[in-house]
Structures are given as C-alpha cells and as structure tokens.
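The structure appears below as structure tokens.
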Amino acid sequence: MTKVTMTVNGKSVSAETEGRTLLSAYLRDGLRLTGTHVGCDTSQCGACVVHVDGKPVKSCTVFAQDVAGADVRTIEGMANADGSLGVIQQAFQDHHGLQCGFCTPGMVMSAAALLAENPKPSEHEVRHYLDGNICRCTGYHNIVKAVMAASGQDVSALAAE
Amino acid sequence: MHNFDFVKPATIADAVKALGADGAQPLSGGQTLIPTMKQRLAAPTVLVSLTGIGEMKGVCMGDGGLHIGAATSHAVVAQEAASSYPALAALAGGIGDPAVRNKGTIGGSLANNDPAACYPSAVLASGATVVTNKRKIAADDYFQGMFSTALAEGEIITSVIFPIPQKAAYVKFNQPASRFALTAVFVAKYAGGVRVAVTGASAGGVFRWAEAEAALSSNFSASAIAGLSADASDMIGDLHGTQAYRANLVKVLTGRAVTAAG
C-alpha cells in the first residue's frame, strides 16, 4: 500500500492506495466523498467526472497514484461556503435538470469546466461539451437549459421539448 | 483488475529503465489501457506512467515542422496546434469527449494503433516522423496493421514531428456510441503531392488510398476522385456498416475533406 496525498476541494488529504486504485475509488472509499458517482466504470457515462488541476477527467479512468499531489475538485466542492447550492447546482434545481440525479455530479462538474472555458456558451456548445456525460432520465433538454441559465443567459426562449 | 506496482519517472531515461522490469508496460493517458486492464485483457506487473516526463510534453515549431511531445494531451494539441496546423488541431479536438481529451495523449494513441483511432490518419497523411527513445520512424514504416506498430519491446514514443502541409482537412464519420471513427479520412496537400490516409475502414488499420492520392495530386478537387472507388474487399464489415458501406464512406469523406481543405 502506498499513501497518496492530494488536495481535494481545497484541503490536503491522504489515503492508502494500491497501484490499481482508481481516483474514483480513492475519493469514494478512501475519503468517503461519495458524491462522485461511478455509473459505468468503462469511461462511457461521465458520472464520475471530477476536475484534476482544473480540467475535467473521468475519475474511473485515472489511477490515484498517477495524480498524487494534484489539485482535485469534486461535487462536494461545488456548494457555496455557507453550504447553500452553488450557481450551477441551483440552476439544475430551478430548471429540473435532474430526475434520478445519478449523473448529476458529473454533469455539474462538466458544466463547471465548460463555463470556466467559455462563460457564455451557445446551446450547441453546451450539448457538444456534454457529449461524454450520459443521462438516462431527462432527455438532456433541461440539463442544457440549466447550464445556459447558470451562465447568466436568458433561457425563457428555450422551449421545453 | 489485477494489481501492479505503479511508477512515475520524471525522465525518459528513468522510464526506459523502469520498462526493463519483467511484465512492465508503459501508461500514457490510460483512456484505452485502463478499460483494457479492467477487463483483464492486459495485466502488467509494473505500470510505468509517462505523463510525468516534462521532456515528452508540449507543442512547438522546430526542425521538420511541428513537434508534439508524445505525452501531450489531445486537449493541449487542439489548443496549441490551432495556428500552426489547424486540421491536426481540429482532429485532436474531436477525439472522444472533453474529459477523455484531457487525459488521452498522441503517443498513447499511436502506440496503441487502434484501427479506428483518429491520430494514425494524421500521422500517415502528413508523412510525419515518429520519434522514439531509440530512433526516428517514418509514418509509412510505423503502422503495421491493427494494434501493431514498428515499436520494439521497451521502446517508447517521445515525440512526433509533422511537416506542415499547404492544405489539409480531416473529416470523421462518428461511431456515435464509441466516438471513434466509423470511417475517417485525412487529406494533406504538400508541394510534393497529396497524401490521403483512411482510418476506421480497414481490418489492416490506417492505410493510404494511392489512387486518390494520384488523382488529387494532379487536380486537387473533389471531382478528381469522382470516377474512383475504394476497394471494399479489405474493409471492415460489422453491424455498424458493411464493407461496401465503408468503402463508399472512404470516397465520400475523401471528397468532403478535399473540399474542406479548400
């Protein structure tokens, strides 16, 4: 076992790992940060997306030891300091961007990465960026709407489909 | 997944040394290798991460064209090659999805040589040079069939050098579930002639379409290949598309790539 230390949501944390320990397992089992969901475990669904040094990655397809020392942000780091929902999270609630909620952590992390790169994305750009995040409930429309709303754009013209 | 020892060297020399261990295997972005290990189709006893090696990262112009470090992610190539080689940058920006592009690397893609991967077509169409810790390999000698390359045991790609074409474009027909190419074509026009490389279509992996190259070298327009047809006998036929369907895609996408290249 090898102790791996990294910064997660602004705090320095450590947990024991094997070579094969995935970042998703390190977060969920090692740190008990179970907000990061493992949907498919085959790199397809994007439920496990977290930020590593500011960039979204699929945490089920990264070894924990490979990102030792990195700055990691997970869904647990997306709320405001007072515990209230962050802007993107609140937009998902306001626009019904989730039903079962399983994919939501990955959706929010991908959306946050998009808005950091592109603060006012078009609907097409939102859909394109969320290409690697699969939702089996919503049909995506309200997710896209939530992300557009979180970017401060008027979404009243985006008709429900 | 079977367990293994993980090492992350900081230099090429240390990586090569670590790869000398019994059962050692290099790991780049891991976007293919990790899923493969989960299925126990690969079970290295030592995994040598190459992404901590600074000398294997980055994009810059140099002797012979655009130099891209083998451990450079698709996302970085998409951004940093945009001004010097836009068609290559566009290819990199269309691989997988954003999260995959932040981890997957050019060197990893080329070492794996998936028959439906994007990068092999750019390397072959550009007549690029694959640089390893031991030698320089011309693109025409590098690809040796599905998942097969000229790399020897323990040899790692350190960079790739792309001559900059006068015109180029990559057109990919997505397999929507996997985001790999169902078929894709990279066309590059150089002073010495046009090169056309096709990925996703052939059981032999990436290949050059010689007849189209000859026709386009004398007339660089989509109409120049109107009378040609790609040989369907060597194409992949599966539930996503028959051999004839892929052969037709080769021609259609080549025409579109020529038009897109202008």
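By convention here, the chains of the structure tokens are called A, B, ... in the order presented, each chain's residues are numbered starting at 1, and ligands are numbered starting at 1 in the order presented.
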Open item on the list: List as a list in words the protein and nucleic acid residues near B:Ala43, meaning an atom at most 8 Å away when only C-alpha atoms are counted, but skip any in the same chain fewer than 5 places from it.
Closed with: Met1, His2, Asn3, Phe4 and Met37 of chain B
Let me see the file: selected residues, N, CA and C atoms, as a tab-separated table (two decimals), in the first residue's frame.
chain	number	residue	atom	x	y	z
B	1	MET	N	-9.54	-5.70	-11.66
B	1	MET	CA	-8.24	-5.54	-12.31
B	1	MET	C	-7.16	-6.12	-11.41
B	2	HIS	N	-6.20	-6.79	-12.03
B	2	HIS	CA	-5.09	-7.32	-11.25
B	2	HIS	C	-4.23	-6.17	-10.73
B	3	ASN	N	-3.61	-6.38	-9.59
B	3	ASN	CA	-2.81	-5.29	-9.03
B	3	ASN	C	-1.44	-5.25	-9.70
B	4	PHE	N	-0.75	-4.13	-9.52
B	4	PHE	CA	0.55	-3.91	-10.15
B	4	PHE	C	1.27	-2.85	-9.33
B	37	MET	N	-7.36	-3.00	-18.93
B	37	MET	CA	-6.91	-3.68	-17.71
B	37	MET	C	-8.09	-4.09	-16.85
**Item:** helix (DSSP H, G or I) positions in stretch 37-151 of chain A, given as a ChimeraX atom specification
**Value:** /A:59-61,64-67,75-77,87-94,104-117,123-132,141-150
*Quick one: everything within 9 Å of B:Ser109, counting only C-alpha atoms, minus sequence neighbours fewer than 2 positions away in the same chain. Send it as a PyMOL selection string.*
chain B and resi 28-29+32+104-107+111-114+117-120
Just N, CA and C atoms for this one: save the residues we selected as a PDB file, in the first residue's frame.
ATOM      1  N   SER B  28       0.219   5.885 -20.711  1.00  0.00           N
ATOM      2  CA  SER B  28       0.199   7.319 -21.039  1.00  0.00           C
ATOM      3  C   SER B  28      -1.086   7.892 -20.458  1.00  0.00           C
ATOM      4  N   GLY B  29      -2.031   8.316 -21.288  1.00  0.00           N
ATOM      5  CA  GLY B  29      -3.263   8.871 -20.728  1.00  0.00           C
ATOM      6  C   GLY B  29      -4.180   7.809 -20.132  1.00  0.00           C
ATOM      7  N   THR B  32      -7.441   4.098 -23.058  1.00  0.00           N
ATOM      8  CA  THR B  32      -7.687   2.761 -23.598  1.00  0.00           C
ATOM      9  C   THR B  32      -7.129   1.698 -22.661  1.00  0.00           C
ATOM     10  N   GLY B 104      -6.120  11.561 -22.590  1.00  0.00           N
ATOM     11  CA  GLY B 104      -5.542  10.807 -23.703  1.00  0.00           C
ATOM     12  C   GLY B 104      -4.421  11.586 -24.372  1.00  0.00           C
ATOM     13  N   THR B 105      -3.405  10.854 -24.851  1.00  0.00           N
ATOM     14  CA  THR B 105      -2.246  11.519 -25.458  1.00  0.00           C
ATOM     15  C   THR B 105      -2.000  11.012 -26.879  1.00  0.00           C
ATOM     16  N   ILE B 106      -1.258  11.805 -27.632  1.00  0.00           N
ATOM     17  CA  ILE B 106      -0.923  11.441 -29.009  1.00  0.00           C
ATOM     18  C   ILE B 106      -0.032  10.199 -29.032  1.00  0.00           C
ATOM     19  N   GLY B 107       0.917  10.139 -28.115  1.00  0.00           N
ATOM     20  CA  GLY B 107       1.823   8.990 -28.085  1.00  0.00           C
ATOM     21  C   GLY B 107       1.078   7.711 -27.740  1.00  0.00           C
ATOM     22  N   ALA B 111       0.861   4.468 -30.135  1.00  0.00           N
ATOM     23  CA  ALA B 111       1.432   3.203 -29.669  1.00  0.00           C
ATOM     24  C   ALA B 111       0.372   2.105 -29.690  1.00  0.00           C
ATOM     25  N   ASN B 112      -0.878   2.495 -29.409  1.00  0.00           N
ATOM     26  CA  ASN B 112      -1.973   1.518 -29.403  1.00  0.00           C
ATOM     27  C   ASN B 112      -2.387   1.155 -30.830  1.00  0.00           C
ATOM     28  N   ASN B 113      -2.393   2.164 -31.717  1.00  0.00           N
ATOM     29  CA  ASN B 113      -2.781   1.974 -33.130  1.00  0.00           C
ATOM     30  C   ASN B 113      -4.098   1.223 -33.288  1.00  0.00           C
ATOM     31  N   ASP B 114      -5.115   1.746 -32.610  1.00  0.00           N
ATOM     32  CA  ASP B 114      -6.473   1.230 -32.800  1.00  0.00           C
ATOM     33  C   ASP B 114      -6.864   1.464 -34.268  1.00  0.00           C
ATOM     34  N   ALA B 117      -8.812   4.674 -34.551  1.00  0.00           N
ATOM     35  CA  ALA B 117      -8.342   5.882 -33.880  1.00  0.00           C
ATOM     36  C   ALA B 117      -8.121   7.000 -34.891  1.00  0.00           C
ATOM     37  N   CYS B 118      -8.176   8.249 -34.419  1.00  0.00           N
ATOM     38  CA  CYS B 118      -8.033   9.405 -35.305  1.00  0.00           C
ATOM     39  C   CYS B 118      -6.574   9.681 -35.669  1.00  0.00           C
ATOM     40  N   TYR B 119      -5.701   9.773 -34.659  1.00  0.00           N
ATOM     41  CA  TYR B 119      -4.330  10.252 -34.886  1.00  0.00           C
ATOM     42  C   TYR B 119      -3.555   9.503 -35.968  1.00  0.00           C
ATOM     43  N   PRO B 120      -3.662   8.151 -36.055  1.00  0.00           N
ATOM     44  CA  PRO B 120      -2.867   7.475 -37.083  1.00  0.00           C
ATOM     45  C   PRO B 120      -3.078   8.065 -38.484  1.00  0.00           C
TER      46      PRO B 120
END
Legend entry - Exercise: stretch 49-62 of chain B partners within 10 Å, only C-alpha atoms, chain neighbours under 3 positions left out, as a ChimeraX atom specification: /A:63,65-67 /B:6-16,18,25-30,46,65-73,76-77,79-81,84,103,105,107-108,156-164
Under the rule of at most 12 Å, produce a per-residue listing of chain A near chain B: chain, number, name, the closest pair of atoms, and the distance in Å, as a Markdown table, using only C-alpha atoms.
| residue | atom | partner | partner_atom | distance |
| --- | --- | --- | --- | --- |
| A:Met1 | CA | B:Asp5 | CA | 9.7 |
| A:Thr2 | CA | B:Phe6 | CA | 9.6 |
| A:Val4 | CA | B:Phe6 | CA | 11.9 |
| A:Thr17 | CA | B:Phe6 | CA | 10.5 |
| A:Glu18 | CA | B:Asn3 | CA | 7.1 |
| A:Gly19 | CA | B:Phe6 | CA | 5.1 |
| A:Arg20 | CA | B:Asn3 | CA | 5.4 |
| A:Thr21 | CA | B:Asn3 | CA | 8.6 |
| A:Leu22 | CA | B:Ile34 | CA | 9.4 |
| A:Leu23 | CA | B:Ile34 | CA | 11.9 |
| A:Cys40 | CA | B:Pro35 | CA | 10.9 |
| A:Asp41 | CA | B:Pro35 | CA | 8.2 |
| A:Thr42 | CA | B:Pro35 | CA | 5.9 |
| A:Ser43 | CA | B:Pro35 | CA | 7.3 |
| A:Gln44 | CA | B:Ser178 | CA | 7.9 |
| A:Cys45 | CA | B:Ala177 | CA | 10.5 |
| A:Gly46 | CA | B:Ala99 | CA | 8.1 |
| A:Ala47 | CA | B:Ala99 | CA | 11.2 |
| A:Cys48 | CA | B:Ala99 | CA | 10.3 |
| A:Val49 | CA | B:Ala99 | CA | 7.4 |
| A:Val50 | CA | B:Ala99 | CA | 9.0 |
| A:His51 | CA | B:Ala99 | CA | 9.1 |
| A:Val52 | CA | B:Asn102 | CA | 9.4 |
| A:Asp53 | CA | B:Asn102 | CA | 10.6 |
| A:Gly54 | CA | B:Asn102 | CA | 10.3 |
| A:Lys55 | CA | B:Asn102 | CA | 6.7 |
| A:Pro56 | CA | B:Ala99 | CA | 5.1 |
| A:Val57 | CA | B:Ala99 | CA | 4.3 |
| A:Lys58 | CA | B:Ala99 | CA | 6.0 |
| A:Ser59 | CA | B:Ala99 | CA | 9.4 |
| A:Cys60 | CA | B:Ile34 | CA | 8.8 |
| A:Thr61 | CA | B:Ile34 | CA | 6.0 |
| A:Val62 | CA | B:Gly30 | CA | 7.0 |
| A:Phe63 | CA | B:Ile34 | CA | 8.5 |
| A:Ala64 | CA | B:Phe6 | CA | 10.0 |
| A:Gln65 | CA | B:Phe6 | CA | 7.2 |
| A:Asp66 | CA | B:Ser49 | CA | 7.2 |
| A:Val67 | CA | B:Gly52 | CA | 9.7 |
| A:Ala68 | CA | B:Lys8 | CA | 10.1 |
| A:Gly69 | CA | B:Gly52 | CA | 11.8 |
| A:Ala70 | CA | B:Gly52 | CA | 11.9 |
| A:Gly106 | CA | B:Ala99 | CA | 10.4 |
| A:Met107 | CA | B:Ala99 | CA | 11.6 |
| A:Met109 | CA | B:Ala99 | CA | 10.3 |
| A:Ser110 | CA | B:Ala99 | CA | 8.1 |
| A:Ala111 | CA | B:Pro98 | CA | 11.0 |
| A:Ala113 | CA | B:Pro98 | CA | 9.4 |
| A:Leu114 | CA | B:Pro98 | CA | 9.2 |
| A:Glu117 | CA | B:Pro98 | CA | 11.5 |
| A:Glu125 | CA | B:Pro98 | CA | 11.8 |
| A:Val126 | CA | B:Pro98 | CA | 11.6 |
| A:Arg127 | CA | B:Asp97 | CA | 11.3 |
| A:His128 | CA | B:Asp97 | CA | 8.5 |
| A:Tyr129 | CA | B:Pro98 | CA | 6.5 |
| A:Leu130 | CA | B:Asp97 | CA | 7.9 |
| A:Asp131 | CA | B:Asp97 | CA | 5.9 |
| A:Gly132 | CA | B:Asp97 | CA | 5.1 |
| A:Asn133 | CA | B:Asp97 | CA | 8.7 |
| A:Ile134 | CA | B:Ala177 | CA | 10.7 |
Determine which residues of stretch 4-154 of chain A receive a DSSP assignment of strand (DSSP E or B), computed from the backbone, and state them as an NGL selection string. :A and (4-8 or 11-17 or 22 or 49-52 or 55-58 or 63 or 71-73)
- request: Excluding B:Glu211 and any residue of its chain fewer than 2 positions from it, enumerate the residues within 10 Å of it, using only C-alpha atoms, and give them as a PyMOL selection string.
  value: chain B and resi 196+208-209+213-217+225+228-230
Go ahead and save the picked residues with N, CA and C atoms, as a compact mmCIF listing (two decimals), in the first residue's frame.
# COMPACT_ATOMS: atom_id res chain seq x y z
N VAL B 196 -3.43 10.84 -48.77
CA VAL B 196 -4.78 10.55 -48.27
C VAL B 196 -4.67 9.34 -47.35
N ARG B 208 -3.10 4.26 -46.77
CA ARG B 208 -3.13 5.33 -47.76
C ARG B 208 -3.91 4.86 -48.98
N TRP B 209 -4.74 5.77 -49.51
CA TRP B 209 -5.52 5.45 -50.70
C TRP B 209 -4.75 5.99 -51.91
N GLU B 213 -4.70 9.61 -54.10
CA GLU B 213 -3.53 10.49 -53.99
C GLU B 213 -3.05 10.91 -55.37
N ALA B 214 -3.01 9.94 -56.30
CA ALA B 214 -2.54 10.24 -57.66
C ALA B 214 -3.49 11.23 -58.34
N ALA B 215 -4.79 10.96 -58.21
CA ALA B 215 -5.77 11.83 -58.86
C ALA B 215 -5.75 13.24 -58.27
N LEU B 216 -5.65 13.32 -56.95
CA LEU B 216 -5.69 14.63 -56.29
C LEU B 216 -4.39 15.40 -56.47
N SER B 217 -3.30 14.69 -56.67
CA SER B 217 -2.03 15.38 -56.87
C SER B 217 -2.03 16.16 -58.18
N ILE B 225 -11.82 12.67 -57.87
CA ILE B 225 -11.96 11.27 -57.43
C ILE B 225 -13.33 10.69 -57.79
N LEU B 228 -13.37 7.21 -59.12
CA LEU B 228 -12.65 6.18 -58.37
C LEU B 228 -13.59 5.46 -57.40
N SER B 229 -13.21 4.26 -57.01
CA SER B 229 -13.91 3.63 -55.89
C SER B 229 -12.89 2.86 -55.06
N ALA B 230 -13.05 2.96 -53.74
CA ALA B 230 -12.13 2.27 -52.84
C ALA B 230 -12.44 0.77 -52.85
The residue from A:Ile75, A:Ala149, A:Leu115, A:Val144 with the smallest atom-to-atom distance to A:Thr34, counting only C-alpha atoms, is A:Ile75
So which residues touch B:Leu91 within 10 Å, counting only C-alpha atoms, skipping near sequence neighbours fewer than 6 positions away, as a compact mmCIF listing (two decimals) with N, CA and C atoms, in the first residue's frame?
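And here's around_33.txt as it stands now:
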# COMPACT_ATOMS: atom_id res chain seq x y z
N HIS B 74 -4.70 15.41 -25.94
CA HIS B 74 -5.46 15.85 -27.11
C HIS B 74 -5.94 17.29 -26.91
N VAL B 77 -3.12 19.69 -27.67
CA VAL B 77 -2.86 19.76 -29.12
C VAL B 77 -3.95 20.58 -29.80
N ALA B 78 -5.21 20.33 -29.41
CA ALA B 78 -6.32 21.06 -30.02
C ALA B 78 -6.14 22.57 -29.87
N CYS B 118 -8.18 8.25 -34.42
CA CYS B 118 -8.03 9.40 -35.30
C CYS B 118 -6.57 9.68 -35.67
N TYR B 119 -5.70 9.77 -34.66
CA TYR B 119 -4.33 10.25 -34.89
C TYR B 119 -3.56 9.50 -35.97
N SER B 121 -4.31 8.51 -38.78
CA SER B 121 -4.55 9.05 -40.13
C SER B 121 -3.79 10.36 -40.34
N ALA B 122 -3.71 11.19 -39.31
CA ALA B 122 -2.98 12.46 -39.45
C ALA B 122 -1.49 12.21 -39.62
N ALA B 169 -7.28 18.68 -44.35
CA ALA B 169 -8.52 18.59 -43.57
C ALA B 169 -8.75 17.14 -43.16
N TYR B 170 -9.44 17.01 -42.05
CA TYR B 170 -9.82 15.69 -41.53
C TYR B 170 -11.33 15.66 -41.43
N VAL B 171 -11.93 14.65 -42.02
CA VAL B 171 -13.38 14.51 -41.91
C VAL B 171 -13.69 13.13 -41.33
N LYS B 172 -14.43 13.16 -40.24
CA LYS B 172 -14.68 11.93 -39.48
C LYS B 172 -16.18 11.64 -39.47
N PHE B 186 -8.07 11.69 -43.66
CA PHE B 186 -7.21 12.87 -43.52
C PHE B 186 -6.54 13.10 -44.87
